[in-house]
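So this block is input.pdb, PDB, C-alpha atoms, pLDDT in the B column:
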```pdb
ATOM      1  CA  MET A1403     -12.661 -18.495  -0.721  1.00 86.00           C
ATOM      2  CA  TYR A1404      -9.728 -16.875   1.003  1.00 97.00           C
ATOM      3  CA  ARG A1405      -9.554 -17.174   4.773  1.00 97.00           C
ATOM      4  CA  LYS A1406      -6.402 -15.083   5.193  1.00 98.00           C
ATOM      5  CA  VAL A1407      -5.180 -11.989   3.380  1.00 98.00           C
ATOM      6  CA  GLU A1408      -1.833 -13.731   2.938  1.00 97.00           C
ATOM      7  CA  ASP A1409      -3.564 -16.538   1.000  1.00 97.00           C
ATOM      8  CA  PHE A1410      -4.937 -14.032  -1.502  1.00 98.00           C
ATOM      9  CA  ILE A1411      -1.550 -12.334  -1.860  1.00 97.00           C
ATOM     10  CA  LEU A1412       0.163 -15.649  -2.630  1.00 97.00           C
ATOM     11  CA  ASP A1413      -2.522 -16.610  -5.168  1.00 97.00           C
ATOM     12  CA  TRP A1414      -2.576 -13.128  -6.710  1.00 98.00           C
ATOM     13  CA  ASN A1415       1.208 -13.009  -7.116  1.00 97.00           C
ATOM     14  CA  GLU A1416       1.223 -16.395  -8.858  1.00 97.00           C
ATOM     15  CA  SER A1417      -1.641 -15.337 -11.116  1.00 98.00           C
ATOM     16  CA  VAL A1418       0.096 -12.050 -11.945  1.00 98.00           C
ATOM     17  CA  ALA A1419       3.314 -13.865 -12.873  1.00 98.00           C
ATOM     18  CA  GLY A1420       1.399 -16.079 -15.308  1.00 98.00           C
ATOM     19  CA  THR A1421      -0.450 -13.143 -16.786  1.00 98.00           C
ATOM     20  CA  VAL A1422       2.778 -11.201 -17.334  1.00 98.00           C
ATOM     21  CA  LYS A1423       4.164 -14.226 -19.221  1.00 98.00           C
ATOM     22  CA  VAL A1424       1.138 -14.176 -21.523  1.00 98.00           C
ATOM     23  CA  PHE A1425       1.321 -10.400 -21.976  1.00 98.00           C
ATOM     24  CA  ASN A1426       5.028 -10.589 -22.822  1.00 98.00           C
ATOM     25  CA  ALA A1427       4.297 -13.178 -25.507  1.00 98.00           C
ATOM     26  CA  MET A1428       2.233 -10.594 -27.406  1.00 98.00           C
ATOM     27  CA  SER A1429       3.694  -8.380 -30.101  1.00 98.00           C
ATOM     28  CA  ASP A1430       2.674  -4.851 -31.019  1.00 98.00           C
ATOM     29  CA  ASN A1431       1.692  -5.886 -34.528  1.00 98.00           C
ATOM     30  CA  LYS A1432      -0.621  -8.656 -33.249  1.00 98.00           C
ATOM     31  CA  LEU A1433      -2.553  -6.703 -30.597  1.00 98.00           C
ATOM     32  CA  ASP A1434      -5.528  -6.572 -32.983  1.00 98.00           C
ATOM     33  CA  GLN A1435      -5.715 -10.396 -33.228  1.00 98.00           C
ATOM     34  CA  ALA A1436      -9.282 -11.599 -32.611  1.00 97.00           C
ATOM     35  CA  ILE A1437     -10.813 -15.049 -32.937  1.00 93.00           C
ATOM     36  CA  VAL A1438     -13.104 -13.539 -35.577  1.00 93.00           C
ATOM     37  CA  GLU A1439     -13.738  -9.968 -36.640  1.00 93.00           C
ATOM     38  CA  GLY A1440     -15.695  -7.974 -34.080  1.00 93.00           C
ATOM     39  CA  HIS A1441     -14.641 -10.066 -31.076  1.00 96.00           C
ATOM     40  CA  SER A1442     -12.215  -9.174 -28.290  1.00 97.00           C
ATOM     41  CA  THR A1443      -8.633  -8.702 -29.429  1.00 98.00           C
ATOM     42  CA  LEU A1444      -5.401  -9.605 -27.659  1.00 98.00           C
ATOM     43  CA  GLY A1445      -4.823  -5.932 -26.905  1.00 98.00           C
ATOM     44  CA  TRP A1446      -8.347  -5.375 -25.626  1.00 98.00           C
ATOM     45  CA  LEU A1447      -8.206  -8.440 -23.366  1.00 98.00           C
ATOM     46  CA  ALA A1448      -4.839  -7.421 -21.929  1.00 98.00           C
ATOM     47  CA  TRP A1449      -6.038  -3.876 -21.311  1.00 98.00           C
ATOM     48  CA  HIS A1450      -9.256  -5.208 -19.772  1.00 98.00           C
ATOM     49  CA  LEU A1451      -7.225  -7.353 -17.364  1.00 98.00           C
ATOM     50  CA  THR A1452      -5.154  -4.294 -16.536  1.00 98.00           C
ATOM     51  CA  ASN A1453      -8.191  -2.184 -15.654  1.00 98.00           C
ATOM     52  CA  ALA A1454     -10.837  -4.600 -14.353  1.00 98.00           C
ATOM     53  CA  PRO A1455      -9.199  -5.160 -10.928  1.00 98.00           C
ATOM     54  CA  VAL A1456      -9.347  -1.400 -10.316  1.00 97.00           C
ATOM     55  CA  PHE A1457     -13.132  -1.613 -10.696  1.00 97.00           C
ATOM     56  CA  LEU A1458     -13.675  -4.995  -9.021  1.00 97.00           C
ATOM     57  CA  SER A1459     -11.530  -4.254  -5.978  1.00 97.00           C
ATOM     58  CA  LYS A1460     -13.872  -1.401  -5.036  1.00 97.00           C
ATOM     59  CA  PHE A1461     -16.504  -3.990  -4.125  1.00 97.00           C
ATOM     60  CA  ALA A1462     -14.041  -5.361  -1.560  1.00 97.00           C
ATOM     61  CA  GLY A1463     -13.525  -1.862  -0.147  1.00 96.00           C
ATOM     62  CA  LEU A1464     -10.140  -1.348  -1.786  1.00 97.00           C
ATOM     63  CA  GLU A1465      -9.142   1.748  -3.715  1.00 95.00           C
ATOM     64  CA  ILE A1466      -6.390   1.386  -6.256  1.00 96.00           C
ATOM     65  CA  PRO A1467      -5.603   4.167  -8.694  1.00 97.00           C
ATOM     66  CA  PRO A1468      -6.539   3.777 -12.353  1.00 97.00           C
ATOM     67  CA  VAL A1469      -3.635   3.041 -14.671  1.00 97.00           C
ATOM     68  CA  GLY A1470      -5.185   4.349 -17.858  1.00 95.00           C
ATOM     69  CA  ASN A1471      -8.418   4.932 -19.703  1.00 97.00           C
ATOM     70  CA  PRO A1472     -10.147   1.536 -20.062  1.00 96.00           C
ATOM     71  CA  ALA A1473     -11.668   2.683 -23.371  1.00 96.00           C
ATOM     72  CA  GLU A1474      -8.311   3.494 -24.996  1.00 97.00           C
ATOM     73  CA  VAL A1475      -6.290   0.348 -25.630  1.00 98.00           C
ATOM     74  CA  PRO A1476      -2.581   1.154 -25.982  1.00 98.00           C
ATOM     75  CA  THR A1477      -0.796   0.099 -29.160  1.00 98.00           C
ATOM     76  CA  SER A1478       2.341  -1.002 -27.308  1.00 98.00           C
ATOM     77  CA  VAL A1479       2.798  -4.244 -25.386  1.00 98.00           C
ATOM     78  CA  LYS A1480       5.381  -2.482 -23.210  1.00 98.00           C
ATOM     79  CA  THR A1481       2.826   0.158 -22.187  1.00 98.00           C
ATOM     80  CA  ILE A1482       0.256  -2.506 -21.309  1.00 98.00           C
ATOM     81  CA  VAL A1483       2.736  -4.609 -19.319  1.00 98.00           C
ATOM     82  CA  GLU A1484       4.006  -1.607 -17.353  1.00 98.00           C
ATOM     83  CA  ALA A1485       0.458  -0.479 -16.525  1.00 98.00           C
ATOM     84  CA  TYR A1486      -0.551  -4.024 -15.564  1.00 98.00           C
ATOM     85  CA  GLU A1487       2.455  -4.439 -13.271  1.00 98.00           C
ATOM     86  CA  THR A1488       1.663  -1.098 -11.611  1.00 98.00           C
ATOM     87  CA  MET A1489      -1.962  -2.122 -11.040  1.00 98.00           C
ATOM     88  CA  ALA A1490      -0.926  -5.542  -9.700  1.00 98.00           C
ATOM     89  CA  LYS A1491       1.521  -3.962  -7.256  1.00 98.00           C
ATOM     90  CA  ASP A1492      -1.078  -1.398  -6.162  1.00 98.00           C
ATOM     91  CA  LEU A1493      -3.597  -4.166  -5.472  1.00 98.00           C
ATOM     92  CA  SER A1494      -0.995  -6.151  -3.507  1.00 96.00           C
ATOM     93  CA  THR A1495      -0.342  -3.061  -1.399  1.00 96.00           C
ATOM     94  CA  ALA A1496      -4.013  -2.149  -0.919  1.00 97.00           C
ATOM     95  CA  ILE A1497      -4.994  -5.639   0.208  1.00 97.00           C
ATOM     96  CA  ASN A1498      -2.833  -5.167   3.296  1.00 95.00           C
ATOM     97  CA  SER A1499      -5.416  -2.678   4.581  1.00 95.00           C
ATOM     98  CA  LEU A1500      -7.792  -5.607   5.138  1.00 97.00           C
ATOM     99  CA  SER A1501      -7.737  -7.933   8.110  1.00 98.00           C
ATOM    100  CA  ASP A1502      -8.287 -11.651   7.892  1.00 98.00           C
ATOM    101  CA  GLU A1503     -11.590 -11.181   9.710  1.00 98.00           C
ATOM    102  CA  SER A1504     -12.786  -8.559   7.228  1.00 98.00           C
ATOM    103  CA  LEU A1505     -12.634 -11.133   4.412  1.00 98.00           C
ATOM    104  CA  PHE A1506     -15.812 -12.706   5.841  1.00 98.00           C
ATOM    105  CA  GLU A1507     -17.790  -9.450   5.948  1.00 98.00           C
ATOM    106  CA  GLU A1508     -20.719  -9.214   3.535  1.00 97.00           C
ATOM    107  CA  VAL A1509     -20.482  -6.385   1.017  1.00 97.00           C
ATOM    108  CA  PRO A1510     -22.881  -5.250  -1.713  1.00 96.00           C
ATOM    109  CA  ALA A1511     -21.818  -6.324  -5.193  1.00 95.00           C
ATOM    110  CA  PHE A1512     -23.554  -6.957  -8.501  1.00 92.00           C
ATOM    111  CA  GLY A1513     -27.055  -6.441  -7.098  1.00 95.00           C
ATOM    112  CA  THR A1514     -26.608  -8.842  -4.186  1.00 97.00           C
ATOM    113  CA  THR A1515     -24.280  -9.322  -1.230  1.00 97.00           C
ATOM    114  CA  THR A1516     -21.186 -11.444  -1.021  1.00 97.00           C
ATOM    115  CA  THR A1517     -18.082 -11.626   1.107  1.00 98.00           C
ATOM    116  CA  ARG A1518     -14.925  -9.670   0.444  1.00 97.00           C
ATOM    117  CA  SER A1519     -13.196 -13.017   0.096  1.00 98.00           C
ATOM    118  CA  GLN A1520     -15.501 -14.006  -2.756  1.00 97.00           C
ATOM    119  CA  ILE A1521     -14.850 -10.700  -4.529  1.00 97.00           C
ATOM    120  CA  LEU A1522     -11.107 -11.339  -4.329  1.00 98.00           C
ATOM    121  CA  ARG A1523     -11.618 -14.865  -5.704  1.00 98.00           C
ATOM    122  CA  LYS A1524     -13.598 -13.378  -8.604  1.00 97.00           C
ATOM    123  CA  ILE A1525     -10.702 -11.047  -9.423  1.00 98.00           C
ATOM    124  CA  VAL A1526      -8.340 -14.015  -9.788  1.00 98.00           C
ATOM    125  CA  ASP A1527     -10.905 -16.185 -11.611  1.00 98.00           C
ATOM    126  CA  HIS A1528     -11.743 -13.355 -14.024  1.00 98.00           C
ATOM    127  CA  GLN A1529      -8.071 -12.957 -14.844  1.00 98.00           C
ATOM    128  CA  THR A1530      -7.605 -16.705 -15.372  1.00 97.00           C
ATOM    129  CA  HIS A1531     -10.618 -16.832 -17.699  1.00 97.00           C
ATOM    130  CA  HIS A1532      -9.417 -14.037 -19.976  1.00 98.00           C
ATOM    131  CA  ARG A1533      -5.802 -15.192 -19.854  1.00 97.00           C
ATOM    132  CA  GLY A1534      -6.995 -18.507 -21.272  1.00 96.00           C
ATOM    133  CA  GLN A1535      -8.732 -16.684 -24.106  1.00 97.00           C
ATOM    134  CA  MET A1536      -5.505 -14.834 -24.783  1.00 98.00           C
ATOM    135  CA  THR A1537      -3.517 -18.066 -25.138  1.00 96.00           C
ATOM    136  CA  VAL A1538      -5.848 -19.155 -27.934  1.00 96.00           C
ATOM    137  CA  LEU A1539      -5.347 -15.815 -29.683  1.00 98.00           C
ATOM    138  CA  LEU A1540      -1.569 -16.044 -29.256  1.00 97.00           C
ATOM    139  CA  ARG A1541      -1.545 -19.405 -31.000  1.00 96.00           C
ATOM    140  CA  GLN A1542      -3.915 -18.148 -33.705  1.00 96.00           C
ATOM    141  CA  ALA A1543      -1.565 -15.189 -34.266  1.00 97.00           C
ATOM    142  CA  GLY A1544       1.405 -17.523 -34.657  1.00 96.00           C
ATOM    143  CA  LEU A1545       3.023 -16.324 -31.436  1.00 97.00           C
ATOM    144  CA  PRO A1546       4.568 -18.672 -28.848  1.00 94.00           C
ATOM    145  CA  VAL A1547       2.300 -19.645 -25.976  1.00 95.00           C
ATOM    146  CA  PRO A1548       4.091 -19.555 -22.612  1.00 95.00           C
ATOM    147  CA  GLY A1549       3.501 -22.180 -19.972  1.00 92.00           C
ATOM    148  CA  VAL A1550       1.473 -20.739 -17.144  1.00 93.00           C
ATOM    149  CA  MET A1551      -0.034 -23.742 -15.389  1.00 88.00           C
ATOM    150  CA  GLY A1552       2.247 -26.315 -16.983  1.00 88.00           C
ATOM    151  CA  PRO A1553       4.163 -26.705 -20.213  1.00 89.00           C
ATOM    152  CA  THR A1554       2.603 -25.864 -23.549  1.00 87.00           C
ATOM    153  CA  ARG A1555       3.009 -27.697 -26.826  1.00 81.00           C
ATOM    154  CA  GLU A1556       5.847 -25.330 -27.730  1.00 75.00           C
ATOM    155  CA  GLN A1557       7.725 -26.378 -24.612  1.00 79.00           C
ATOM    156  CA  HIS A1558       7.655 -30.125 -25.253  1.00 76.00           C
TER     157      HIS A1558
END
```
Can you give me the file's structure in the form of structure tokens?
Amino acid sequence: MYRKVEDFILDWNESVAGTVKVFNAMSDNKLDQAIVEGHSTLGWLAWHLTNAPVFLSKFAGLEIPPVGNPAEVPTSVKTIVEAYETMAKDLSTAINSLSDESLFEEVPAFGTTTTRSQILRKIVDHQTHHRGQMTVLLRQAGLPVPGVMGPTREQH
């Protein structure tokens, strides 16, 4: 749980930096890499992480502009990275409209109520979860896996 807006911003910026590393490790010709046919692909996961915060942040009372159609996954890593970086910057800007006190306010979300702080934590946790899936797909695709939370096998 975040107690200060600044704490979220610091955590978000670190999470974004790690996610950009993973995105930049992708290649256009491997965006369709899935663990098995019919499952989420590298491209779909990256595009999902680019669009999900737009949706999730609304529960916290934040409005950030969409960066593309969530149903149309781009075929270019560059396009995905640029859209993701725009979304991440927009969220960093929008969060400044909240006060530290407002983080403790209960808001409706997912059929229940929760605090704005918990919604923001879910945004970061959601990103971390899918970024981990992406590292498996990078390795499966024969692409280098960047260190995000420590060195990877490739970096030893």
Give me, please, the distance in Å between CA of Trp1414 in chain A and CA of Leu1433 in chain A, quoted to one decimal.
24.7 Å
Answer key for the PyMOL selection byres ((chain A and resi 1496) around 12), residues as a list of chain:residue names:
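Output from the PyMOL selection byres ((chain A and resi 1496) around 12), applied to this file: A:Val1407, A:Phe1410, A:Ile1411, A:Pro1455, A:Val1456, A:Ser1459, A:Lys1460, A:Ala1462, A:Gly1463, A:Leu1464, A:Glu1465, A:Ile1466, A:Pro1467, A:Met1489, A:Ala1490, A:Lys1491, A:Asp1492, A:Leu1493, A:Ser1494, A:Thr1495, A:Ile1497, A:Asn1498, A:Ser1499, A:Leu1500, A:Ser1501.
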Identify, on the basis of all atoms listed in the file, every residue whose closest approach to range 1415-1417 of chain A does not exceed 8 Å; exclude the query and any residue fewer than 3 positions from it along the same chain; express the result as an MDAnalysis selection string.
chainID A and resid 1411:1412 1420:1421 1526 1529:1530
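For the structure in this document, the set picked by the PyMOL selection byres ((chain A and resi 1471) around 12) is Trp1446, Trp1449, His1450, Thr1452, Asn1453, Ala1454, Val1456, Pro1467, Pro1468, Val1469, Gly1470, Pro1472, Ala1473, Glu1474, Val1475, Pro1476, Ile1482 and Ala1485 of chain A.
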Of A:Gln1557, A:Thr1488, A:Thr1517, A:Gln1542, the one nearest to Ile1437 in chain A when counting all atoms listed in the file is A:Gln1542
For this file, the PyMOL selection byres ((chain A and resi 1548) around 10) selects which residues, as number ranges by chain?
A: 1420-1427, 1537, 1540, 1545-1547, 1549-1557
Nearest to Ala1436 in chain A among A:Glu1507, A:Met1536, A:Thr1481, A:Lys1406, with distances taken over all atoms listed in the file: which residue is it?
A:Met1536
Interatomic distance between CA of Met1403 in chain A and CA of Leu1522 in chain A?
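Distance reported for this atom pair: 8.2 Å.
Picture a line from CA of Gly1440 in chain A to CA of Arg1533 in chain A; it runs 18.8 Å.
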Taking into account all atoms listed in the file, which residue in the set A:Leu1444, A:Val1418, A:Asp1502, A:Gln1535 is nearest to Asn1431 in chain A?
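Closest candidate: A:Leu1444.
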